[in-house]
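Source file: my_file-v6.cif; contents: mmCIF, C-alpha atoms and all ligand atoms.
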data_final
#
loop_
_atom_site.group_PDB
_atom_site.id
_atom_site.type_symbol
_atom_site.label_atom_id
_atom_site.label_comp_id
_atom_site.auth_asym_id
_atom_site.auth_seq_id
_atom_site.Cartn_x
_atom_site.Cartn_y
_atom_site.Cartn_z
ATOM 1 C CA MET A 1 -3.578 -7.706 3.226
ATOM 2 C CA ARG A 2 -3.264 -5.378 0.236
ATOM 3 C CA ARG A 3 0.148 -5.714 -1.358
ATOM 4 C CA ALA A 4 1.378 -3.692 -4.328
ATOM 5 C CA LEU A 5 4.445 -3.913 -6.505
ATOM 6 C CA PHE A 6 6.231 -0.717 -7.541
ATOM 7 C CA PRO A 7 8.514 -1.874 -10.350
ATOM 8 C CA GLY A 8 11.212 0.119 -12.093
ATOM 9 C CA SER A 9 14.835 0.468 -13.049
ATOM 10 C CA PHE A 10 15.576 2.914 -10.196
ATOM 11 C CA ASP A 11 18.989 3.746 -11.669
ATOM 12 C CA PRO A 12 18.994 5.686 -9.419
ATOM 13 C CA LEU A 13 15.961 6.317 -7.201
ATOM 14 C CA THR A 14 14.834 9.947 -7.555
ATOM 15 C CA ASN A 15 12.661 12.174 -5.396
ATOM 16 C CA GLY A 16 9.967 11.554 -8.012
ATOM 17 C CA HIS A 17 10.023 7.840 -7.126
ATOM 18 C CA LEU A 18 9.941 8.708 -3.423
ATOM 19 C CA ASP A 19 6.934 10.931 -4.029
ATOM 20 C CA ILE A 20 5.074 8.026 -5.655
ATOM 21 C CA ILE A 21 6.040 5.701 -2.777
ATOM 22 C CA ARG A 22 4.775 8.261 -0.227
ATOM 23 C CA ARG A 23 1.512 8.763 -2.129
ATOM 24 C CA SER A 24 0.832 5.056 -2.571
ATOM 25 C CA ALA A 25 1.726 4.074 1.023
ATOM 26 C CA PRO A 26 -1.689 4.992 2.497
ATOM 27 C CA LEU A 27 -3.416 2.825 -0.130
ATOM 28 C CA PHE A 28 -1.644 -0.462 0.650
ATOM 29 C CA ASP A 29 -0.489 -2.588 3.584
ATOM 30 C CA GLU A 30 2.755 -3.427 1.823
ATOM 31 C CA ILE A 31 4.601 -2.067 -1.184
ATOM 32 C CA VAL A 32 7.388 -4.098 -2.726
ATOM 33 C CA ILE A 33 9.812 -1.797 -4.529
ATOM 34 C CA ALA A 34 10.918 -4.116 -7.324
ATOM 35 C CA VAL A 35 14.232 -3.297 -9.004
ATOM 36 C CA LEU A 36 14.538 -4.706 -12.509
ATOM 37 C CA ASN A 37 17.709 -6.583 -13.316
ATOM 38 C CA ASN A 38 18.022 -5.875 -17.023
ATOM 39 C CA PRO A 39 21.173 -7.413 -18.526
ATOM 40 C CA GLU A 40 20.583 -5.506 -21.785
ATOM 41 C CA LYS A 41 21.211 -2.135 -20.106
ATOM 42 C CA GLN A 42 24.465 -0.646 -18.834
ATOM 43 C CA PRO A 43 23.325 0.855 -15.521
ATOM 44 C CA MET A 44 25.172 3.405 -13.408
ATOM 45 C CA PHE A 45 24.523 1.277 -10.303
ATOM 46 C CA SER A 46 24.381 -2.498 -9.977
ATOM 47 C CA VAL A 47 21.097 -4.053 -8.858
ATOM 48 C CA GLU A 48 22.638 -4.721 -5.435
ATOM 49 C CA GLU A 49 23.745 -1.089 -5.122
ATOM 50 C CA ARG A 50 20.307 0.163 -6.174
ATOM 51 C CA CYS A 51 18.511 -2.101 -3.683
ATOM 52 C CA GLY A 52 20.906 -1.075 -0.893
ATOM 53 C CA MET A 53 20.452 2.646 -1.571
ATOM 54 C CA ILE A 54 16.663 2.325 -1.695
ATOM 55 C CA GLU A 55 16.595 0.371 1.584
ATOM 56 C CA GLU A 56 18.747 3.034 3.245
ATOM 57 C CA ILE A 57 16.509 5.868 2.073
ATOM 58 C CA LEU A 58 13.204 4.163 2.827
ATOM 59 C CA GLY A 59 14.245 4.022 6.486
ATOM 60 C CA SER A 60 13.408 7.733 6.745
ATOM 61 C CA VAL A 61 10.106 7.670 4.803
ATOM 62 C CA ASP A 62 6.839 8.124 6.695
ATOM 63 C CA THR A 63 5.047 4.979 5.558
ATOM 64 C CA LYS A 64 1.621 5.658 7.135
ATOM 65 C CA GLY A 65 1.694 2.120 8.517
ATOM 66 C CA CYS A 66 2.538 0.600 5.152
ATOM 67 C CA ARG A 67 5.396 -1.913 5.070
ATOM 68 C CA LEU A 68 7.996 -1.077 2.441
ATOM 69 C CA THR A 69 10.236 -3.840 1.162
ATOM 70 C CA VAL A 70 12.840 -3.926 -1.601
ATOM 71 C CA ASP A 71 13.463 -6.813 -3.961
ATOM 72 C CA SER A 72 15.035 -7.364 -7.366
ATOM 73 C CA PHE A 73 13.691 -9.345 -10.272
ATOM 74 C CA SER A 74 14.414 -10.493 -13.804
ATOM 75 C CA GLY A 75 11.839 -11.296 -16.464
ATOM 76 C CA LEU A 76 8.261 -10.126 -16.535
ATOM 77 C CA THR A 77 6.893 -7.638 -14.027
ATOM 78 C CA ALA A 78 3.474 -9.311 -14.204
ATOM 79 C CA ASP A 79 4.973 -12.679 -13.235
ATOM 80 C CA PHE A 80 6.945 -11.160 -10.383
ATOM 81 C CA ALA A 81 3.836 -9.338 -9.131
ATOM 82 C CA ARG A 82 2.000 -12.640 -9.081
ATOM 83 C CA GLU A 83 4.900 -14.423 -7.384
ATOM 84 C CA LYS A 84 4.836 -11.733 -4.688
ATOM 85 C CA GLY A 85 1.069 -12.033 -4.217
ATOM 86 C CA ALA A 86 0.571 -8.397 -5.259
ATOM 87 C CA ALA A 87 -2.957 -7.242 -6.071
ATOM 88 C CA ALA A 88 -1.691 -4.144 -7.862
ATOM 89 C CA ILE A 89 1.201 -2.712 -9.823
ATOM 90 C CA VAL A 90 1.876 0.951 -9.018
ATOM 91 C CA ARG A 91 3.252 3.294 -11.669
ATOM 92 C CA GLY A 92 3.711 7.038 -11.641
ATOM 93 C CA ILE A 93 2.615 9.252 -14.513
ATOM 94 C CA ARG A 94 4.509 12.519 -14.812
ATOM 95 C CA ALA A 95 3.051 14.028 -17.952
ATOM 96 C CA ILE A 96 0.955 13.088 -20.949
ATOM 97 C CA GLY A 97 4.095 11.770 -22.659
ATOM 98 C CA ASP A 98 4.237 8.901 -20.155
ATOM 99 C CA TYR A 99 0.654 7.895 -20.719
ATOM 100 C CA GLU A 100 0.881 5.998 -23.982
ATOM 101 C CA TYR A 101 3.770 3.811 -22.859
ATOM 102 C CA GLU A 102 2.222 3.215 -19.438
ATOM 103 C CA LEU A 103 -1.148 2.390 -20.976
ATOM 104 C CA ARG A 104 0.414 -0.190 -23.292
ATOM 105 C CA MET A 105 2.328 -1.729 -20.406
ATOM 106 C CA SER A 106 -0.731 -1.886 -18.173
ATOM 107 C CA LEU A 107 -2.832 -3.516 -20.902
ATOM 108 C CA MET A 108 -0.129 -6.092 -21.586
ATOM 109 C CA ASN A 109 0.330 -6.759 -17.888
ATOM 110 C CA ARG A 110 -3.429 -7.228 -17.560
ATOM 111 C CA ARG A 111 -3.373 -9.706 -20.413
ATOM 112 C CA LEU A 112 -0.537 -11.599 -18.742
ATOM 113 C CA GLN A 113 -2.060 -11.495 -15.237
ATOM 114 C CA PRO A 114 -5.722 -10.450 -15.485
ATOM 115 C CA GLU A 115 -6.280 -10.381 -11.718
ATOM 116 C CA ILE A 116 -3.558 -7.770 -11.098
ATOM 117 C CA GLU A 117 -4.615 -4.134 -11.544
ATOM 118 C CA THR A 118 -2.271 -1.298 -12.489
ATOM 119 C CA VAL A 119 -2.744 1.772 -10.317
ATOM 120 C CA PHE A 120 -1.488 5.048 -11.790
ATOM 121 C CA LEU A 121 -0.562 7.912 -9.513
ATOM 122 C CA THR A 122 0.206 11.371 -10.803
ATOM 123 C CA ALA A 123 3.559 12.751 -9.760
ATOM 124 C CA ALA A 124 3.901 16.012 -7.842
ATOM 125 C CA GLU A 125 4.333 18.949 -10.252
ATOM 126 C CA ASP A 126 7.788 19.615 -8.770
ATOM 127 C CA TYR A 127 8.982 16.251 -10.081
ATOM 128 C CA SER A 128 7.011 16.090 -13.314
ATOM 129 C CA PHE A 129 10.184 16.474 -15.389
ATOM 130 C CA VAL A 130 12.402 14.244 -13.258
ATOM 131 C CA SER A 131 13.650 10.939 -14.636
ATOM 132 C CA SER A 132 16.653 8.841 -13.622
ATOM 133 C CA THR A 133 18.068 9.209 -17.139
ATOM 134 C CA LEU A 134 17.829 13.016 -17.089
ATOM 135 C CA MET A 135 19.316 13.181 -13.591
ATOM 136 C CA LYS A 136 22.320 11.072 -14.627
ATOM 137 C CA GLN A 137 22.858 13.066 -17.796
ATOM 138 C CA VAL A 138 22.737 16.452 -16.042
ATOM 139 C CA PHE A 139 24.921 15.254 -13.168
ATOM 140 C CA GLU A 140 27.549 13.731 -15.440
ATOM 141 C CA LEU A 141 27.786 17.070 -17.278
ATOM 142 C CA GLY A 142 28.335 18.977 -14.039
ATOM 143 C CA GLY A 143 24.768 20.194 -13.420
ATOM 144 C CA ARG A 144 23.099 20.249 -10.006
ATOM 145 C CA VAL A 145 20.382 17.746 -9.160
ATOM 146 C CA ASP A 146 19.894 18.569 -5.484
ATOM 147 C CA GLY A 147 16.248 18.602 -4.470
ATOM 148 C CA LEU A 148 15.519 16.137 -7.261
ATOM 149 C CA VAL A 149 17.607 13.166 -6.109
ATOM 150 C CA PRO A 150 18.126 12.175 -2.432
ATOM 151 C CA GLU A 151 21.362 13.587 -0.967
ATOM 152 C CA GLN A 152 22.779 10.147 -0.128
ATOM 153 C CA ILE A 153 22.351 9.110 -3.762
ATOM 154 C CA ILE A 154 23.986 12.276 -5.082
ATOM 155 C CA LEU A 155 27.046 11.383 -2.979
ATOM 156 C CA LYS A 156 27.072 7.897 -4.495
ATOM 157 C CA MET A 157 26.711 9.338 -8.005
ATOM 158 C CA GLN A 158 29.678 11.595 -7.281
ATOM 159 C CA ALA A 159 31.715 8.613 -6.062
ATOM 160 C CA LYS A 160 30.880 6.773 -9.310
ATOM 161 C CA LEU A 161 31.980 9.758 -11.389
ATOM 162 C CA ASP A 162 35.203 10.131 -9.396
ATOM 163 C CA GLY A 163 35.853 6.390 -9.758
ATOM 164 C CA ASN A 164 35.280 6.514 -13.515
ATOM 165 C CA LYS A 165 37.693 9.433 -13.891
ATOM 166 C CA GLY A 166 40.397 7.284 -12.306
ATOM 167 C CA GLU A 167 39.912 4.468 -14.865
HETATM 168 O O1 LIG A 201 11.730 2.631 -14.286
HETATM 169 P P1 LIG A 201 11.312 2.165 -15.654
HETATM 170 O O2 LIG A 201 12.539 1.876 -16.499
HETATM 171 O O3 LIG A 201 10.354 3.102 -16.312
HETATM 172 O O4 LIG A 201 10.540 0.775 -15.439
HETATM 173 C C1 LIG A 201 10.082 0.028 -16.546
HETATM 174 C C2 LIG A 201 9.678 -1.382 -16.110
HETATM 175 C C3 LIG A 201 10.796 -2.043 -15.309
HETATM 176 C C4 LIG A 201 8.461 -1.313 -15.217
HETATM 177 C C5 LIG A 201 9.356 -2.184 -17.409
HETATM 178 O O5 LIG A 201 10.400 -2.039 -18.306
HETATM 179 C C6 LIG A 201 9.112 -3.633 -17.112
HETATM 180 O O6 LIG A 201 8.099 -4.002 -16.573
HETATM 181 N N1 LIG A 201 10.109 -4.479 -17.448
HETATM 182 C C7 LIG A 201 10.117 -5.904 -17.145
HETATM 183 C C8 LIG A 201 9.828 -6.728 -18.379
HETATM 184 C C9 LIG A 201 8.351 -6.727 -18.688
HETATM 185 O O7 LIG A 201 7.529 -7.121 -17.900
HETATM 186 N N2 LIG A 201 8.036 -6.242 -19.902
HETATM 187 C C10 LIG A 201 6.682 -6.173 -20.387
HETATM 188 C C11 LIG A 201 5.951 -4.991 -19.803
HETATM 189 S S1 LIG A 201 4.328 -4.997 -20.385
#
Full structure transcribed into structure tokens:
Amino acid sequence: MRRALFPGSFDPLTNGHLDIIRRSAPLFDEIVIAVLNNPEKQPMFSVEERCGMIEEILGSVDTKGCRLTVDSFSGLTADFAREKGAAAIVRGIRAIGDYEYELRMSLMNRRLQPEIETVFLTAAEDYSFVSSTLMKQVFELGGRVDGLVPEQIILKMQAKLDGNKGE
């Protein structure tokens, strides 16, 4: 049983994340999409909302026989990966700019849990500029993010914006 952890903030999930999930599915029997609960950040969506949206969207992903599960965690990714019995941590690399940060994280995670490998997958070119932060920024300023963020999530982003306007 090869289990991997795909950790992240997922605030919100983008098509770039989905691309990494699709690419890593054939490599593992199970991927746990692990949503970080970071009390230091002011997210657009609560952890519960993020997990719910991801679960909804994963229902329509071709998993190539790989089981996809969603969970949230606090604290260290390496510890959560171990708790989950994951052999690997999956991370996507979009461009060279991601590499230094991802390398440092993978080396630290290896130091913390030497038996867990980090597996880097390169993102599809179409999503190489897509990040949750950029998507939120563009959307909040009235720009279109369709094709880059799943439709269901765009609707939820719109509902958040409409709700905030009423405050
Ligand atoms: O989607 P993100 O924000 O790029 O994900 C970053 C994440 C959640 C993988 C990283 O911040 C993380 O692992 N945070 C948990 C705390 C931790 O383990 N820090 C040390 C990493 S070496």
Explicit residue set for the PyMOL selection byres (((chain A and resi 84) around 10) and not hetatm), as an MDAnalysis selection string: chainID A and resid 3:5 32 71 78:83 85:87
Name the residues that the PyMOL selection byres (((chain A and resi 121) around 7) and not hetatm) picks from the file above, as an MDAnalysis selection string, using the file's chain letters and numbers. chainID A and resid 20 91:93 119:120 122:123
Expressed in Å to a single decimal, how great is the separation between atom O4 of ligand LIG 201 (chain A) and CA of Glu117 (chain A)? 16.4 Å
What does the PyMOL selection byres (((chain A and resi 47-58) around 10) and not hetatm) select in this file, as an NGL selection string? :A and (9-14 or 18 or 21-22 or 33-38 or 43-46 or 59-63 or 68-73 or 150-153 or 156)
Keeping C-alpha atoms for every residue in the selection just given, could you write it to a file as a PDB file, in the coordinates of the input?
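The resulting file, selection-v5.pdb, is shown below:
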ATOM      1  CA  SER A   9      14.835   0.468 -13.049  1.00  0.00           C
ATOM      2  CA  PHE A  10      15.576   2.914 -10.196  1.00  0.00           C
ATOM      3  CA  ASP A  11      18.989   3.746 -11.669  1.00  0.00           C
ATOM      4  CA  PRO A  12      18.994   5.686  -9.419  1.00  0.00           C
ATOM      5  CA  LEU A  13      15.961   6.317  -7.201  1.00  0.00           C
ATOM      6  CA  THR A  14      14.834   9.947  -7.555  1.00  0.00           C
ATOM      7  CA  LEU A  18       9.941   8.708  -3.423  1.00  0.00           C
ATOM      8  CA  ILE A  21       6.040   5.701  -2.777  1.00  0.00           C
ATOM      9  CA  ARG A  22       4.775   8.261  -0.227  1.00  0.00           C
ATOM     10  CA  ILE A  33       9.812  -1.797  -4.529  1.00  0.00           C
ATOM     11  CA  ALA A  34      10.918  -4.116  -7.324  1.00  0.00           C
ATOM     12  CA  VAL A  35      14.232  -3.297  -9.004  1.00  0.00           C
ATOM     13  CA  LEU A  36      14.538  -4.706 -12.509  1.00  0.00           C
ATOM     14  CA  ASN A  37      17.709  -6.583 -13.316  1.00  0.00           C
ATOM     15  CA  ASN A  38      18.022  -5.875 -17.023  1.00  0.00           C
ATOM     16  CA  PRO A  43      23.325   0.855 -15.521  1.00  0.00           C
ATOM     17  CA  MET A  44      25.172   3.405 -13.408  1.00  0.00           C
ATOM     18  CA  PHE A  45      24.523   1.277 -10.303  1.00  0.00           C
ATOM     19  CA  SER A  46      24.381  -2.498  -9.977  1.00  0.00           C
ATOM     20  CA  GLY A  59      14.245   4.022   6.486  1.00  0.00           C
ATOM     21  CA  SER A  60      13.408   7.733   6.745  1.00  0.00           C
ATOM     22  CA  VAL A  61      10.106   7.670   4.803  1.00  0.00           C
ATOM     23  CA  ASP A  62       6.839   8.124   6.695  1.00  0.00           C
ATOM     24  CA  THR A  63       5.047   4.979   5.558  1.00  0.00           C
ATOM     25  CA  LEU A  68       7.996  -1.077   2.441  1.00  0.00           C
ATOM     26  CA  THR A  69      10.236  -3.840   1.162  1.00  0.00           C
ATOM     27  CA  VAL A  70      12.840  -3.926  -1.601  1.00  0.00           C
ATOM     28  CA  ASP A  71      13.463  -6.813  -3.961  1.00  0.00           C
ATOM     29  CA  SER A  72      15.035  -7.364  -7.366  1.00  0.00           C
ATOM     30  CA  PHE A  73      13.691  -9.345 -10.272  1.00  0.00           C
ATOM     31  CA  PRO A 150      18.126  12.175  -2.432  1.00  0.00           C
ATOM     32  CA  GLU A 151      21.362  13.587  -0.967  1.00  0.00           C
ATOM     33  CA  GLN A 152      22.779  10.147  -0.128  1.00  0.00           C
ATOM     34  CA  ILE A 153      22.351   9.110  -3.762  1.00  0.00           C
ATOM     35  CA  LYS A 156      27.072   7.897  -4.495  1.00  0.00           C
TER      36      LYS A 156
END
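Minimum atom-to-atom distance to ligand LIG 201 (chain A), evaluated using all atoms listed in the file, belongs to A:Glu102 out of A:Asp19, A:Asp29, A:Glu115, A:Glu102.
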Can you tell me which residues sit at most 7 Å away from ligand LIG 201 (chain A), counting all atoms listed in the file, written as a PyMOL selection string? chain A and resi 7-10+36+75-78+104-106+108-109
What is the CA of Glu30 (chain A) to CA of Arg94 (chain A) distance in Å?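 CA of Arg94 (chain A) lies 23.1 Å from CA of Glu30 (chain A).
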To one decimal in Å, tell me the separation between CA of Ile31 (chain A) and CA of Cys66 (chain A).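 Going from CA of Ile31 (chain A) over to CA of Cys66 (chain A) covers 7.2 Å.
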Counting all atoms listed in the file, the option among A:Gly16, A:Gly97, A:Gly147, A:Pro114 closest to Ser128 (chain A): A:Gly16
Contacts of Phe129 (chain A) within 9 Å, only C-alpha atoms, excl. fewer than 2 positions in-chain, as a list in words: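 Residues near the query, excluding close chain neighbours: Gly16, Arg94, Ala95, Glu125, Asp126, Tyr127, Ser131 and Leu134 of chain A.
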Residues within 12 Å of Asp146 (chain A), all atoms listed in the file, excluding chain neighbours under 2 positions, as an NGL selection string: :A and (14-15 or 130 or 135 or 138-139 or 143-144 or 148-155 or 157)
